[in-house]
Every structure is written in C-alpha cells, then in structure tokens.
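A.B. asks: Input entry.pdb, format and content: PDB, C-alpha atoms and all ligand atoms.
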ATOM      1  CA  MET A 416     -77.790 -33.258   3.216  1.00  0.00           C
ATOM      2  CA  ASN A 417     -80.787 -32.637   1.009  1.00  0.00           C
ATOM      3  CA  GLY A 418     -80.063 -35.227  -1.676  1.00  0.00           C
ATOM      4  CA  VAL A 419     -82.842 -37.196  -3.345  1.00  0.00           C
ATOM      5  CA  SER A 420     -82.342 -40.950  -3.173  1.00  0.00           C
ATOM      6  CA  ALA A 421     -81.762 -42.831  -6.416  1.00  0.00           C
ATOM      7  CA  GLU A 422     -82.723 -46.071  -4.658  1.00  0.00           C
ATOM      8  CA  ILE A 423     -85.920 -47.995  -4.123  1.00  0.00           C
ATOM      9  CA  ILE A 424     -86.403 -48.150  -0.358  1.00  0.00           C
ATOM     10  CA  CYS A 425     -88.691 -50.690   1.343  1.00  0.00           C
ATOM     11  CA  ARG A 426     -89.282 -50.102   5.038  1.00  0.00           C
ATOM     12  CA  ASP A 427     -91.059 -52.604   7.259  1.00  0.00           C
ATOM     13  CA  LEU A 428     -93.192 -53.688   4.326  1.00  0.00           C
ATOM     14  CA  GLY A 429     -96.089 -56.089   4.863  1.00  0.00           C
ATOM     15  CA  PHE A 430     -98.386 -57.670   2.303  1.00  0.00           C
ATOM     16  CA  GLY A 431    -100.713 -60.648   1.990  1.00  0.00           C
ATOM     17  CA  TYR A 432    -103.364 -62.067  -0.278  1.00  0.00           C
ATOM     18  CA  GLY A 433    -106.110 -62.649   2.278  1.00  0.00           C
ATOM     19  CA  LYS A 434    -104.690 -65.119   4.785  1.00  0.00           C
ATOM     20  CA  THR A 435    -101.583 -65.837   2.710  1.00  0.00           C
ATOM     21  CA  ARG A 436     -98.976 -63.530   4.204  1.00  0.00           C
ATOM     22  CA  VAL A 437     -96.266 -62.907   1.628  1.00  0.00           C
ATOM     23  CA  LEU A 438     -94.192 -60.131   3.215  1.00  0.00           C
ATOM     24  CA  GLU A 439     -93.680 -59.306   6.894  1.00  0.00           C
ATOM     25  CA  HIS A 440     -91.370 -56.557   8.148  1.00  0.00           C
ATOM     26  CA  PHE A 441     -89.493 -56.515   4.871  1.00  0.00           C
ATOM     27  CA  ASP A 442     -86.640 -53.995   4.680  1.00  0.00           C
ATOM     28  CA  ALA A 443     -84.472 -53.533   1.594  1.00  0.00           C
ATOM     29  CA  ARG A 444     -82.778 -50.906  -0.542  1.00  0.00           C
ATOM     30  CA  PHE A 445     -82.218 -51.383  -4.245  1.00  0.00           C
ATOM     31  CA  ALA A 446     -79.582 -49.178  -5.851  1.00  0.00           C
ATOM     32  CA  PRO A 447     -79.137 -48.336  -9.552  1.00  0.00           C
ATOM     33  CA  GLY A 448     -77.785 -51.358 -11.412  1.00  0.00           C
ATOM     34  CA  LEU A 449     -78.869 -54.967 -11.551  1.00  0.00           C
ATOM     35  CA  THR A 450     -80.332 -56.911  -8.629  1.00  0.00           C
ATOM     36  CA  LEU A 451     -81.288 -60.552  -9.036  1.00  0.00           C
ATOM     37  CA  VAL A 452     -84.208 -61.568  -6.808  1.00  0.00           C
ATOM     38  CA  LYS A 453     -83.935 -65.288  -6.208  1.00  0.00           C
ATOM     39  CA  GLY A 454     -85.990 -67.726  -4.205  1.00  0.00           C
ATOM     40  CA  PHE A 455     -88.234 -70.768  -4.227  1.00  0.00           C
ATOM     41  CA  SER A 456     -91.237 -70.776  -6.511  1.00  0.00           C
ATOM     42  CA  GLY A 457     -94.056 -69.140  -4.561  1.00  0.00           C
ATOM     43  CA  CYS A 458     -91.846 -67.265  -2.103  1.00  0.00           C
ATOM     44  CA  GLY A 459     -93.119 -63.883  -3.295  1.00  0.00           C
ATOM     45  CA  LYS A 460     -90.750 -62.590  -5.997  1.00  0.00           C
ATOM     46  CA  SER A 461     -93.504 -61.521  -8.402  1.00  0.00           C
ATOM     47  CA  THR A 462     -95.444 -60.014  -5.531  1.00  0.00           C
ATOM     48  CA  LEU A 463     -92.450 -57.894  -4.536  1.00  0.00           C
ATOM     49  CA  LEU A 464     -92.119 -56.608  -8.115  1.00  0.00           C
ATOM     50  CA  LYS A 465     -95.830 -55.737  -8.253  1.00  0.00           C
ATOM     51  CA  LEU A 466     -95.584 -53.864  -4.946  1.00  0.00           C
ATOM     52  CA  ILE A 467     -92.607 -51.864  -6.223  1.00  0.00           C
ATOM     53  CA  ALA A 468     -94.527 -51.123  -9.430  1.00  0.00           C
ATOM     54  CA  GLY A 469     -97.521 -49.896  -7.426  1.00  0.00           C
ATOM     55  CA  TYR A 470     -99.827 -52.529  -8.932  1.00  0.00           C
ATOM     56  CA  LEU A 471    -100.353 -53.889  -5.407  1.00  0.00           C
ATOM     57  CA  ALA A 472    -100.504 -51.772  -2.250  1.00  0.00           C
ATOM     58  CA  PRO A 473     -98.642 -52.811   0.903  1.00  0.00           C
ATOM     59  CA  THR A 474    -100.796 -53.493   3.948  1.00  0.00           C
ATOM     60  CA  SER A 475     -98.123 -51.963   6.198  1.00  0.00           C
ATOM     61  CA  GLY A 476     -94.822 -50.137   5.919  1.00  0.00           C
ATOM     62  CA  THR A 477     -93.626 -47.776   3.213  1.00  0.00           C
ATOM     63  CA  LEU A 478     -92.116 -48.058  -0.216  1.00  0.00           C
ATOM     64  CA  ALA A 479     -90.265 -45.198  -1.910  1.00  0.00           C
ATOM     65  CA  ILE A 480     -89.255 -45.140  -5.569  1.00  0.00           C
ATOM     66  CA  PRO A 481     -86.150 -43.281  -6.834  1.00  0.00           C
ATOM     67  CA  GLY A 482     -86.794 -39.607  -6.145  1.00  0.00           C
ATOM     68  CA  GLY A 483     -88.595 -40.424  -2.911  1.00  0.00           C
ATOM     69  CA  GLY A 484     -92.261 -40.694  -3.977  1.00  0.00           C
ATOM     70  CA  ARG A 485     -94.762 -43.530  -3.914  1.00  0.00           C
ATOM     71  CA  PRO A 486     -95.270 -45.681  -7.021  1.00  0.00           C
ATOM     72  CA  ASP A 487     -98.297 -43.848  -8.483  1.00  0.00           C
ATOM     73  CA  SER A 488     -99.833 -43.761 -11.966  1.00  0.00           C
ATOM     74  CA  ALA A 489     -97.486 -40.992 -13.176  1.00  0.00           C
ATOM     75  CA  PHE A 490     -94.512 -43.152 -12.154  1.00  0.00           C
ATOM     76  CA  GLN A 491     -96.045 -46.142 -13.931  1.00  0.00           C
ATOM     77  CA  ARG A 492     -96.616 -44.163 -17.117  1.00  0.00           C
ATOM     78  CA  HIS A 493     -93.325 -42.287 -17.320  1.00  0.00           C
ATOM     79  CA  SER A 494     -90.642 -44.056 -15.317  1.00  0.00           C
ATOM     80  CA  LEU A 495     -91.513 -47.748 -14.950  1.00  0.00           C
ATOM     81  CA  GLY A 496     -90.716 -50.609 -17.290  1.00  0.00           C
ATOM     82  CA  PHE A 497     -92.321 -53.898 -16.258  1.00  0.00           C
ATOM     83  CA  VAL A 498     -92.143 -57.208 -18.098  1.00  0.00           C
ATOM     84  CA  PHE A 499     -94.634 -59.672 -16.644  1.00  0.00           C
ATOM     85  CA  GLN A 500     -94.260 -63.410 -17.004  1.00  0.00           C
ATOM     86  CA  GLN A 501     -97.254 -63.264 -19.398  1.00  0.00           C
ATOM     87  CA  LEU A 502     -95.504 -60.546 -21.512  1.00  0.00           C
ATOM     88  CA  ASN A 503     -98.808 -58.789 -22.413  1.00  0.00           C
ATOM     89  CA  LEU A 504     -97.773 -57.675 -25.898  1.00  0.00           C
ATOM     90  CA  LEU A 505    -100.726 -56.112 -27.728  1.00  0.00           C
ATOM     91  CA  PRO A 506    -101.818 -58.878 -30.124  1.00  0.00           C
ATOM     92  CA  LEU A 507    -103.241 -56.683 -32.912  1.00  0.00           C
ATOM     93  CA  ALA A 508    -100.301 -54.264 -33.074  1.00  0.00           C
ATOM     94  CA  SER A 509     -97.010 -54.860 -34.850  1.00  0.00           C
ATOM     95  CA  LEU A 510     -93.875 -55.030 -32.763  1.00  0.00           C
ATOM     96  CA  ARG A 511     -92.960 -51.506 -33.811  1.00  0.00           C
ATOM     97  CA  ARG A 512     -96.438 -50.267 -32.881  1.00  0.00           C
ATOM     98  CA  ASN A 513     -96.219 -52.006 -29.495  1.00  0.00           C
ATOM     99  CA  LEU A 514     -93.113 -49.981 -28.690  1.00  0.00           C
ATOM    100  CA  GLU A 515     -94.394 -46.718 -30.194  1.00  0.00           C
ATOM    101  CA  LEU A 516     -97.639 -46.827 -28.227  1.00  0.00           C
ATOM    102  CA  VAL A 517     -95.829 -47.207 -24.918  1.00  0.00           C
ATOM    103  CA  GLY A 518     -93.408 -44.414 -25.815  1.00  0.00           C
ATOM    104  CA  THR A 519     -96.244 -42.098 -26.851  1.00  0.00           C
ATOM    105  CA  LEU A 520     -98.237 -42.834 -23.669  1.00  0.00           C
ATOM    106  CA  ALA A 521     -95.091 -42.024 -21.681  1.00  0.00           C
ATOM    107  CA  GLY A 522     -95.111 -38.549 -23.257  1.00  0.00           C
ATOM    108  CA  LEU A 523     -92.030 -38.930 -25.460  1.00  0.00           C
ATOM    109  CA  SER A 524     -91.728 -36.706 -28.522  1.00  0.00           C
ATOM    110  CA  ARG A 525     -92.351 -38.316 -31.919  1.00  0.00           C
ATOM    111  CA  THR A 526     -88.645 -38.033 -32.672  1.00  0.00           C
ATOM    112  CA  ASP A 527     -87.687 -39.835 -29.470  1.00  0.00           C
ATOM    113  CA  VAL A 528     -90.348 -42.490 -29.983  1.00  0.00           C
ATOM    114  CA  HIS A 529     -89.012 -43.334 -33.438  1.00  0.00           C
ATOM    115  CA  ALA A 530     -85.336 -43.146 -32.508  1.00  0.00           C
ATOM    116  CA  ARG A 531     -85.764 -45.292 -29.389  1.00  0.00           C
ATOM    117  CA  THR A 532     -88.016 -47.797 -31.144  1.00  0.00           C
ATOM    118  CA  ASP A 533     -85.282 -48.375 -33.712  1.00  0.00           C
ATOM    119  CA  LYS A 534     -82.574 -48.433 -31.016  1.00  0.00           C
ATOM    120  CA  TYR A 535     -84.186 -51.013 -28.739  1.00  0.00           C
ATOM    121  CA  LEU A 536     -85.489 -53.236 -31.538  1.00  0.00           C
ATOM    122  CA  ALA A 537     -81.915 -53.331 -32.861  1.00  0.00           C
ATOM    123  CA  LEU A 538     -80.346 -53.922 -29.435  1.00  0.00           C
ATOM    124  CA  LEU A 539     -82.582 -56.927 -28.919  1.00  0.00           C
ATOM    125  CA  GLY A 540     -82.046 -58.265 -32.422  1.00  0.00           C
ATOM    126  CA  LEU A 541     -85.601 -57.605 -33.589  1.00  0.00           C
ATOM    127  CA  ASP A 542     -85.191 -55.140 -36.482  1.00  0.00           C
ATOM    128  CA  ALA A 543     -86.231 -57.738 -39.031  1.00  0.00           C
ATOM    129  CA  PHE A 544     -89.475 -58.446 -37.140  1.00  0.00           C
ATOM    130  CA  ALA A 545     -90.592 -54.856 -36.555  1.00  0.00           C
ATOM    131  CA  ASP A 546     -93.680 -55.137 -38.763  1.00  0.00           C
ATOM    132  CA  ARG A 547     -94.804 -58.557 -37.562  1.00  0.00           C
ATOM    133  CA  LEU A 548     -97.617 -59.271 -35.100  1.00  0.00           C
ATOM    134  CA  PRO A 549     -96.501 -60.785 -31.767  1.00  0.00           C
ATOM    135  CA  SER A 550     -98.359 -64.039 -32.488  1.00  0.00           C
ATOM    136  CA  THR A 551     -96.120 -64.658 -35.504  1.00  0.00           C
ATOM    137  CA  LEU A 552     -92.949 -64.579 -33.380  1.00  0.00           C
ATOM    138  CA  SER A 553     -91.214 -67.328 -31.444  1.00  0.00           C
ATOM    139  CA  GLY A 554     -91.326 -67.378 -27.656  1.00  0.00           C
ATOM    140  CA  GLY A 555     -87.785 -66.012 -27.401  1.00  0.00           C
ATOM    141  CA  GLN A 556     -88.526 -63.236 -29.880  1.00  0.00           C
ATOM    142  CA  GLN A 557     -91.650 -62.290 -27.935  1.00  0.00           C
ATOM    143  CA  GLN A 558     -89.699 -62.219 -24.679  1.00  0.00           C
ATOM    144  CA  ARG A 559     -87.070 -59.946 -26.247  1.00  0.00           C
ATOM    145  CA  ALA A 560     -89.839 -57.757 -27.707  1.00  0.00           C
ATOM    146  CA  ALA A 561     -91.444 -57.292 -24.289  1.00  0.00           C
ATOM    147  CA  ILE A 562     -88.074 -56.180 -22.898  1.00  0.00           C
ATOM    148  CA  ALA A 563     -87.515 -53.769 -25.803  1.00  0.00           C
ATOM    149  CA  ARG A 564     -90.948 -52.304 -25.146  1.00  0.00           C
ATOM    150  CA  ALA A 565     -90.189 -51.848 -21.440  1.00  0.00           C
ATOM    151  CA  LEU A 566     -86.961 -50.040 -22.315  1.00  0.00           C
ATOM    152  CA  ILE A 567     -88.419 -47.468 -24.683  1.00  0.00           C
ATOM    153  CA  LYS A 568     -89.165 -45.143 -21.751  1.00  0.00           C
ATOM    154  CA  GLU A 569     -85.564 -45.548 -20.603  1.00  0.00           C
ATOM    155  CA  PRO A 570     -87.148 -46.169 -17.207  1.00  0.00           C
ATOM    156  CA  THR A 571     -85.674 -45.343 -13.809  1.00  0.00           C
ATOM    157  CA  VAL A 572     -87.133 -48.629 -12.549  1.00  0.00           C
ATOM    158  CA  LEU A 573     -87.074 -51.758 -14.713  1.00  0.00           C
ATOM    159  CA  LEU A 574     -88.747 -54.884 -13.324  1.00  0.00           C
ATOM    160  CA  LEU A 575     -88.385 -58.164 -15.181  1.00  0.00           C
ATOM    161  CA  ASP A 576     -90.217 -61.283 -14.031  1.00  0.00           C
ATOM    162  CA  GLU A 577     -88.425 -64.430 -15.219  1.00  0.00           C
ATOM    163  CA  PRO A 578     -87.237 -62.783 -18.472  1.00  0.00           C
ATOM    164  CA  THR A 579     -85.144 -65.753 -19.600  1.00  0.00           C
ATOM    165  CA  SER A 580     -87.260 -68.691 -18.466  1.00  0.00           C
ATOM    166  CA  GLY A 581     -87.548 -71.275 -21.192  1.00  0.00           C
ATOM    167  CA  LEU A 582     -85.057 -69.487 -23.459  1.00  0.00           C
ATOM    168  CA  ASP A 583     -82.131 -71.121 -25.202  1.00  0.00           C
ATOM    169  CA  ASP A 584     -78.582 -69.915 -24.506  1.00  0.00           C
ATOM    170  CA  LEU A 585     -78.427 -67.584 -27.507  1.00  0.00           C
ATOM    171  CA  ASN A 586     -81.601 -65.697 -26.574  1.00  0.00           C
ATOM    172  CA  CYS A 587     -80.450 -65.651 -22.974  1.00  0.00           C
ATOM    173  CA  ARG A 588     -77.072 -64.153 -23.926  1.00  0.00           C
ATOM    174  CA  VAL A 589     -78.761 -61.332 -25.876  1.00  0.00           C
ATOM    175  CA  ILE A 590     -80.804 -60.440 -22.801  1.00  0.00           C
ATOM    176  CA  MET A 591     -77.752 -60.761 -20.539  1.00  0.00           C
ATOM    177  CA  LYS A 592     -75.778 -58.393 -22.757  1.00  0.00           C
ATOM    178  CA  LEU A 593     -78.592 -55.885 -22.496  1.00  0.00           C
ATOM    179  CA  LEU A 594     -78.732 -56.197 -18.702  1.00  0.00           C
ATOM    180  CA  GLY A 595     -74.946 -56.086 -18.412  1.00  0.00           C
ATOM    181  CA  SER A 596     -74.144 -53.219 -20.762  1.00  0.00           C
ATOM    182  CA  HIS A 597     -77.200 -51.295 -21.925  1.00  0.00           C
ATOM    183  CA  LEU A 598     -79.376 -50.457 -18.942  1.00  0.00           C
ATOM    184  CA  PRO A 599     -80.464 -46.809 -19.000  1.00  0.00           C
ATOM    185  CA  PRO A 600     -78.360 -44.522 -16.774  1.00  0.00           C
ATOM    186  CA  ALA A 601     -79.277 -44.699 -13.063  1.00  0.00           C
ATOM    187  CA  CYS A 602     -81.856 -47.409 -13.760  1.00  0.00           C
ATOM    188  CA  VAL A 603     -82.723 -49.653 -10.805  1.00  0.00           C
ATOM    189  CA  CYS A 604     -83.290 -53.048 -12.411  1.00  0.00           C
ATOM    190  CA  LEU A 605     -84.772 -55.953 -10.462  1.00  0.00           C
ATOM    191  CA  VAL A 606     -84.943 -59.355 -12.114  1.00  0.00           C
ATOM    192  CA  ALA A 607     -86.951 -62.138 -10.472  1.00  0.00           C
ATOM    193  CA  THR A 608     -85.320 -65.316 -11.695  1.00  0.00           C
ATOM    194  CA  HIS A 609     -84.458 -68.939 -11.158  1.00  0.00           C
ATOM    195  CA  ASP A 610     -82.028 -68.846 -14.056  1.00  0.00           C
ATOM    196  CA  GLN A 611     -78.485 -69.626 -12.908  1.00  0.00           C
ATOM    197  CA  ARG A 612     -77.086 -68.309 -16.212  1.00  0.00           C
ATOM    198  CA  LEU A 613     -77.843 -64.744 -15.103  1.00  0.00           C
ATOM    199  CA  SER A 614     -75.532 -65.157 -12.107  1.00  0.00           C
ATOM    200  CA  ASP A 615     -72.594 -64.647 -14.496  1.00  0.00           C
ATOM    201  CA  LEU A 616     -73.574 -60.964 -14.715  1.00  0.00           C
ATOM    202  CA  PRO A 617     -72.217 -58.439 -12.200  1.00  0.00           C
ATOM    203  CA  HIS A 618     -75.160 -57.970  -9.860  1.00  0.00           C
ATOM    204  CA  GLU A 619     -76.446 -57.500  -6.352  1.00  0.00           C
ATOM    205  CA  GLY A 620     -78.456 -60.402  -5.001  1.00  0.00           C
ATOM    206  CA  LEU A 621     -81.558 -60.690  -2.854  1.00  0.00           C
ATOM    207  CA  ASP A 622     -82.118 -64.179  -1.512  1.00  0.00           C
ATOM    208  CA  PHE A 623     -85.831 -64.026  -0.921  1.00  0.00           C
ATOM    209  CA  ASN A 624     -86.018 -67.417   0.813  1.00  0.00           C
ATOM    210  CA  ARG A 625     -84.755 -65.762   3.962  1.00  0.00           C
ATOM    211  CA  PHE A 626     -87.928 -63.748   4.145  1.00  0.00           C
ATOM    212  CA  LEU A 627     -90.703 -66.089   3.201  1.00  0.00           C
ATOM    213  CA  PRO A 628     -90.356 -69.871   3.220  1.00  0.00           C
ATOM    214  CA  VAL A 629     -94.067 -70.267   2.360  1.00  0.00           C
ATOM    215  CA  GLU A 630     -93.506 -73.217   0.075  1.00  0.00           C
ATOM    216  CA  ARG A 631     -90.753 -74.950   2.010  1.00  0.00           C
ATOM    217  CA  HIS A 632     -92.970 -78.037   2.173  1.00  0.00           C
ATOM    218  CA  LEU A 633     -92.003 -78.589  -1.478  1.00  0.00           C
ATOM    219  CA  VAL A 634     -88.517 -79.547  -0.268  1.00  0.00           C
ATOM    220  CA  ALA A 635     -90.020 -82.458   1.629  1.00  0.00           C
ATOM    221  CA  LEU A 636     -92.018 -83.516  -1.430  1.00  0.00           C
ATOM    222  CA  ALA A 637     -89.105 -83.331  -3.870  1.00  0.00           C
TER
HETATM  223  N1  LIG B 701    -103.620 -63.163  -6.809  1.00  0.00           N
HETATM  224  C1  LIG B 701    -103.295 -63.985  -5.802  1.00  0.00           C
HETATM  225  N2  LIG B 701    -104.225 -64.377  -4.898  1.00  0.00           N
HETATM  226  C2  LIG B 701    -103.905 -65.188  -3.860  1.00  0.00           C
HETATM  227  N3  LIG B 701    -102.664 -65.666  -3.632  1.00  0.00           N
HETATM  228  C3  LIG B 701    -101.693 -65.316  -4.503  1.00  0.00           C
HETATM  229  C4  LIG B 701    -101.948 -64.461  -5.616  1.00  0.00           C
HETATM  230  N4  LIG B 701    -100.795 -64.283  -6.303  1.00  0.00           N
HETATM  231  C5  LIG B 701     -99.854 -64.995  -5.654  1.00  0.00           C
HETATM  232  N5  LIG B 701    -100.398 -65.619  -4.565  1.00  0.00           N
HETATM  233  C6  LIG B 701     -99.678 -66.436  -3.577  1.00  0.00           C
HETATM  234  O1  LIG B 701     -98.661 -65.612  -3.010  1.00  0.00           O
HETATM  235  C7  LIG B 701     -97.437 -66.347  -2.855  1.00  0.00           C
HETATM  236  C8  LIG B 701     -96.323 -65.641  -3.625  1.00  0.00           C
HETATM  237  O2  LIG B 701     -96.603 -65.702  -5.027  1.00  0.00           O
HETATM  238  P1  LIG B 701     -95.617 -65.074  -6.111  1.00  0.00           P
HETATM  239  O3  LIG B 701     -96.260 -65.247  -7.445  1.00  0.00           O
HETATM  240  O4  LIG B 701     -95.245 -63.703  -5.682  1.00  0.00           O
HETATM  241  O5  LIG B 701     -94.347 -66.030  -5.967  1.00  0.00           O
HETATM  242  P2  LIG B 701     -93.039 -66.181  -6.883  1.00  0.00           P
HETATM  243  O6  LIG B 701     -91.891 -66.289  -5.961  1.00  0.00           O
HETATM  244  O7  LIG B 701     -93.010 -65.098  -7.895  1.00  0.00           O
HETATM  245  O8  LIG B 701     -93.316 -67.578  -7.602  1.00  0.00           O
HETATM  246  P3  LIG B 701     -92.751 -68.140  -9.024  1.00  0.00           P
HETATM  247  O9  LIG B 701     -91.252 -68.198  -8.916  1.00  0.00           O
HETATM  248  O10 LIG B 701     -93.378 -69.509  -9.097  1.00  0.00           O
HETATM  249  O11 LIG B 701     -93.255 -67.189 -10.091  1.00  0.00           O
HETATM  250  C9  LIG B 701     -97.727 -67.772  -3.350  1.00  0.00           C
HETATM  251  O12 LIG B 701     -97.990 -68.570  -2.215  1.00  0.00           O
HETATM  252  C10 LIG B 701     -98.950 -67.610  -4.231  1.00  0.00           C
HETATM  253  O13 LIG B 701     -99.762 -68.777  -4.188  1.00  0.00           O
END
Will you turn the file into structure tokens for me?
Ligand SMILES: Nc1ncnc2c1ncn2[C@@H]1O[C@H](COP(=O)(O)OP(=O)(O)OP(=O)(O)O)[C@@H](O)[C@H]1O
C.D. replies:
Amino acid sequence: MNGVSAEIICRDLGFGYGKTRVLEHFDARFAPGLTLVKGFSGCGKSTLLKLIAGYLAPTSGTLAIPGGGRPDSAFQRHSLGFVFQQLNLLPLASLRRNLELVGTLAGLSRTDVHARTDKYLALLGLDAFADRLPSTLSGGQQQRAAIARALIKEPTVLLLDEPTSGLDDLNCRVIMKLLGSHLPPACVCLVATHDQRLSDLPHEGLDFNRFLPVERHLVALA
C-alpha cells in the first residue's frame, strides 16, 4: 500500500518548557472529523495544539500532518486553521477584511476569497457585522469571527482552543452546528475544551489527564 495518511500521527512525542515536562512518550492518531481534547487546566491541551500546528517543536519523537509531512510554514499558511484562546483578530481591519487577508495569504483566488468570506460569515451568523471592527463586537461575536476566519482556507487541520468558553447557549449552539455539520471535507478538527455542552456532538475523545497529571495537586486544594 502506498496510500498517504489523512491523519495526524504523533509518535513518542516529548515536549517541555524548561523543566516543566508537558508530554512524554505521547502516541496518538487523529482522523478526519471532530476530536475533543479534554483534561484538567494546565495538563497540556494548548501545548498539544501548538505542537500540531508547528508553533512549538517537539524535543523528541515525530509528528506527521495529513499527507505525511511536518507542520512547516507552508502547512501553516495553506492548510491550518488555528483559533487561539486570545483570538488574535486584527484590530484595525473589519471582520470582512480579517477573513479576506487570511484567504489571500493562503493563496486563494479573489473569487474564492470573496465567496468563502460571504459563506463563512453567513454560517456563523456574522453577515450583519462584516464591516465592523472586532472591538465593536461582543465576545461571542468575536469568537465566532475567529472561527470563520480559520475556516476560510477550508483547512485540512482545524485547531480550536476553548472556542466556546464563556459563551451563552445560543452562541455555543451556532458553533456546535458548524462543528457537527459544516467542517470542510477530510478536515481533522481538534478542540481543546472543558465545555460539557460539546459532548453532545458526535466526536472522538482524547482524555489528556491520562498523559499528564501536572496539576493534580489542584484536586487536593479544591
Ligand atoms: N510559555 C510557557 N512557558 C512555561 N511554561 C508554560 C508555558 N505555556 C504553558 N506552560 C505550562 O505548561 C503546562 C501546560 O500548559 P497548557 O497551556 O498547554 O495547558 P492547558 O491544558 O491548555 O490549560 P488550560 O485548560 O488552563 O488552558 C502548564 O503547567 C503551564 O504552566
């Protein structure tokens, strides 16, 4: 068989911030579809997403993205959608411009940029806010905007860090509908979350506590 894997494959992965070891001998495969990455605060969920994105480099082991390569800058530009907890919307650009810039940097044609901008703003209920600056939007609207922006590339890997934290049920349901029914084809989507509401979606689960109980002392404090 000569097939190219559509999965993210982590083999014997190790990573630490100085003396804080976050991953040791971590093995996992993430297939197309939705995986919820759950675990205690501080157990390493965000770190795992950043390793998969290629924003951090493992200290040992290997990590392959769909297609078999390493997460390099071409992957980040063309095939990765990442929504950080801080969202990172460009403050001086309208919502529409935020999406268009990412689409243009990803090398999409002007026609695709415009069509997808309209499509994902509509899917996330943001058409009416397209010409507003991020700072004029509510927290939920900004969270939905960051997800729309990540989707404009129709990425093969979509990484969302706590996308529904602090959101009311209505905002949460809009994001759940997107994750449940509108992921791009063959997209591997990992969502780091504490939000039990997302468990209603069909998903694979990764219980990260098994791998790194770094903050287990919090249980004793609680
Ligand atoms: N830049 C950094 N420098 C040093 N240590 C860090 C850094 N970022 C994270 N850590 C530590 O690495 C561990 C894992 O952090 P990480 O943010 O990945 O956890 P998390 O599971 O995403 O937490 P949360 O659910 O609270 O967002 C924690 O102990 C954290 O203190």
A.B. asks: Please produce, as CSV, a per-residue contact table for chain A versus ligand LIG 701 (chain B) (criterion: any atom at most 9 Å away, only C-alpha atoms and all ligand atoms considered), showing the nearest atom pair and its distance in Å to one decimal, sorted by chain then residue number.
C.D. replies:
residue,atom,partner,partner_atom,distance
A:Gly431,CA,B:LIG701,O1,7.3
A:Tyr432,CA,B:LIG701,C2,4.8
A:Gly433,CA,B:LIG701,C2,7.0
A:Lys434,CA,B:LIG701,N3,8.7
A:Thr435,CA,B:LIG701,O1,6.4
A:Arg436,CA,B:LIG701,O1,7.5
A:Val437,CA,B:LIG701,C7,5.8
A:Lys453,CA,B:LIG701,O6,8.0
A:Gly454,CA,B:LIG701,O6,6.3
A:Phe455,CA,B:LIG701,O6,6.0
A:Ser456,CA,B:LIG701,O9,3.5
A:Gly457,CA,B:LIG701,O5,3.4
A:Cys458,CA,B:LIG701,O6,4.0
A:Gly459,CA,B:LIG701,O4,3.2
A:Lys460,CA,B:LIG701,O6,3.9
A:Ser461,CA,B:LIG701,O7,3.6
A:Thr462,CA,B:LIG701,O4,3.7
A:Leu463,CA,B:LIG701,O4,6.5
A:Leu464,CA,B:LIG701,O4,8.1
A:Lys465,CA,B:LIG701,O4,8.4
A:Gln500,CA,B:LIG701,O11,7.9
A:Asp576,CA,B:LIG701,O11,7.7
A:Glu577,CA,B:LIG701,O11,7.6
A:Ala607,CA,B:LIG701,O7,7.2
A:Thr608,CA,B:LIG701,O9,7.2
A:His609,CA,B:LIG701,O9,7.2
A:Phe623,CA,B:LIG701,O6,8.2
A:Leu627,CA,B:LIG701,C8,8.9
A:Val629,CA,B:LIG701,O12,6.3
A:Glu630,CA,B:LIG701,O12,6.9
A.B. asks: Hey, can I get the axis-aligned box for region 525-540 of chain A? All listed atoms, 8 Å padding on each side, centre and edge lengths in Å to one decimal, as JSON.
C.D. replies:
{"center_x": -86.3, "center_y": -48.1, "center_z": -31.2, "size_x": 28.0, "size_y": 36.2, "size_z": 21.0}
A.B. asks: In Å to one decimal, how far is CA of Val452 (chain A) from CA of Gln611 (chain A)?
C.D. replies: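 Going from CA of Gln611 (chain A) over to CA of Val452 (chain A) covers 11.6 Å.
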A.B. asks: Near region 489-494 of chain A, within 10 Å and counting only C-alpha atoms, which residues show up once chain neighbours fewer than 5 positions away are dropped, as a list in words?
C.D. replies: Ala468, Gly469, Tyr470, Ile480, Pro481, Gly484, Val517, Gly518, Thr519, Leu520, Ala521, Gly522, Leu523, Ala565, Leu566, Lys568, Glu569, Pro570, Thr571, Val572, Leu573 and Cys602 of chain A
A.B. asks: Based on the selection just made, write C-alpha atoms of those residues as a compact mmCIF listing (two decimals), in the frame of the given file.
C.D. replies:
# COMPACT_ATOMS: atom_id res chain seq x y z
CA ALA A 468 -94.53 -51.12 -9.43
CA GLY A 469 -97.52 -49.90 -7.43
CA TYR A 470 -99.83 -52.53 -8.93
CA ILE A 480 -89.26 -45.14 -5.57
CA PRO A 481 -86.15 -43.28 -6.83
CA GLY A 484 -92.26 -40.69 -3.98
CA VAL A 517 -95.83 -47.21 -24.92
CA GLY A 518 -93.41 -44.41 -25.82
CA THR A 519 -96.24 -42.10 -26.85
CA LEU A 520 -98.24 -42.83 -23.67
CA ALA A 521 -95.09 -42.02 -21.68
CA GLY A 522 -95.11 -38.55 -23.26
CA LEU A 523 -92.03 -38.93 -25.46
CA ALA A 565 -90.19 -51.85 -21.44
CA LEU A 566 -86.96 -50.04 -22.32
CA LYS A 568 -89.16 -45.14 -21.75
CA GLU A 569 -85.56 -45.55 -20.60
CA PRO A 570 -87.15 -46.17 -17.21
CA THR A 571 -85.67 -45.34 -13.81
CA VAL A 572 -87.13 -48.63 -12.55
CA LEU A 573 -87.07 -51.76 -14.71
CA CYS A 602 -81.86 -47.41 -13.76
A.B. asks: With the file shown as input, list the residues that the PyMOL selection byres (((chain A and resi 532-542) around 7) and not hetatm) selects, as an NGL selection string.
C.D. replies: :A and (511 or 514-515 or 528-531 or 543-545 or 559 or 563 or 567 or 589)
A.B. asks: I need the output of the PyMOL selection byres (((chain A and resi 420) around 8) and not hetatm) for this file as a PyMOL selection string; which residues are they?
C.D. replies: chain A and resi 418-419+421-423+481-483
A.B. asks: Which one is closest to Leu621 (chain A): A:Leu505, A:Leu478, A:Leu585, A:Val606? Count all atoms listed in the file.
C.D. replies: A:Val606
A.B. asks: Taking the file above as input, evaluate the PyMOL selection byres (((chain A and resi 583) around 12) and not hetatm) and report the hits as a list in words.
C.D. replies: Ser553, Gly554, Gly555, Gln556, Gln558, Pro578, Thr579, Ser580, Gly581, Leu582, Asp584, Leu585, Asn586, Cys587, Arg588, Val589, Ile590, Asp610 and Arg612 of chain A
A.B. asks: Just the selected residues (C-alpha atoms), exported as a compact mmCIF listing (two decimals), keeping the file's coordinate frame, please.
C.D. replies:
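Contents of result-v1.txt, as written:
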# COMPACT_ATOMS: atom_id res chain seq x y z
CA SER A 553 -91.21 -67.33 -31.44
CA GLY A 554 -91.33 -67.38 -27.66
CA GLY A 555 -87.78 -66.01 -27.40
CA GLN A 556 -88.53 -63.24 -29.88
CA GLN A 558 -89.70 -62.22 -24.68
CA PRO A 578 -87.24 -62.78 -18.47
CA THR A 579 -85.14 -65.75 -19.60
CA SER A 580 -87.26 -68.69 -18.47
CA GLY A 581 -87.55 -71.28 -21.19
CA LEU A 582 -85.06 -69.49 -23.46
CA ASP A 584 -78.58 -69.92 -24.51
CA LEU A 585 -78.43 -67.58 -27.51
CA ASN A 586 -81.60 -65.70 -26.57
CA CYS A 587 -80.45 -65.65 -22.97
CA ARG A 588 -77.07 -64.15 -23.93
CA VAL A 589 -78.76 -61.33 -25.88
CA ILE A 590 -80.80 -60.44 -22.80
CA ASP A 610 -82.03 -68.85 -14.06
CA ARG A 612 -77.09 -68.31 -16.21
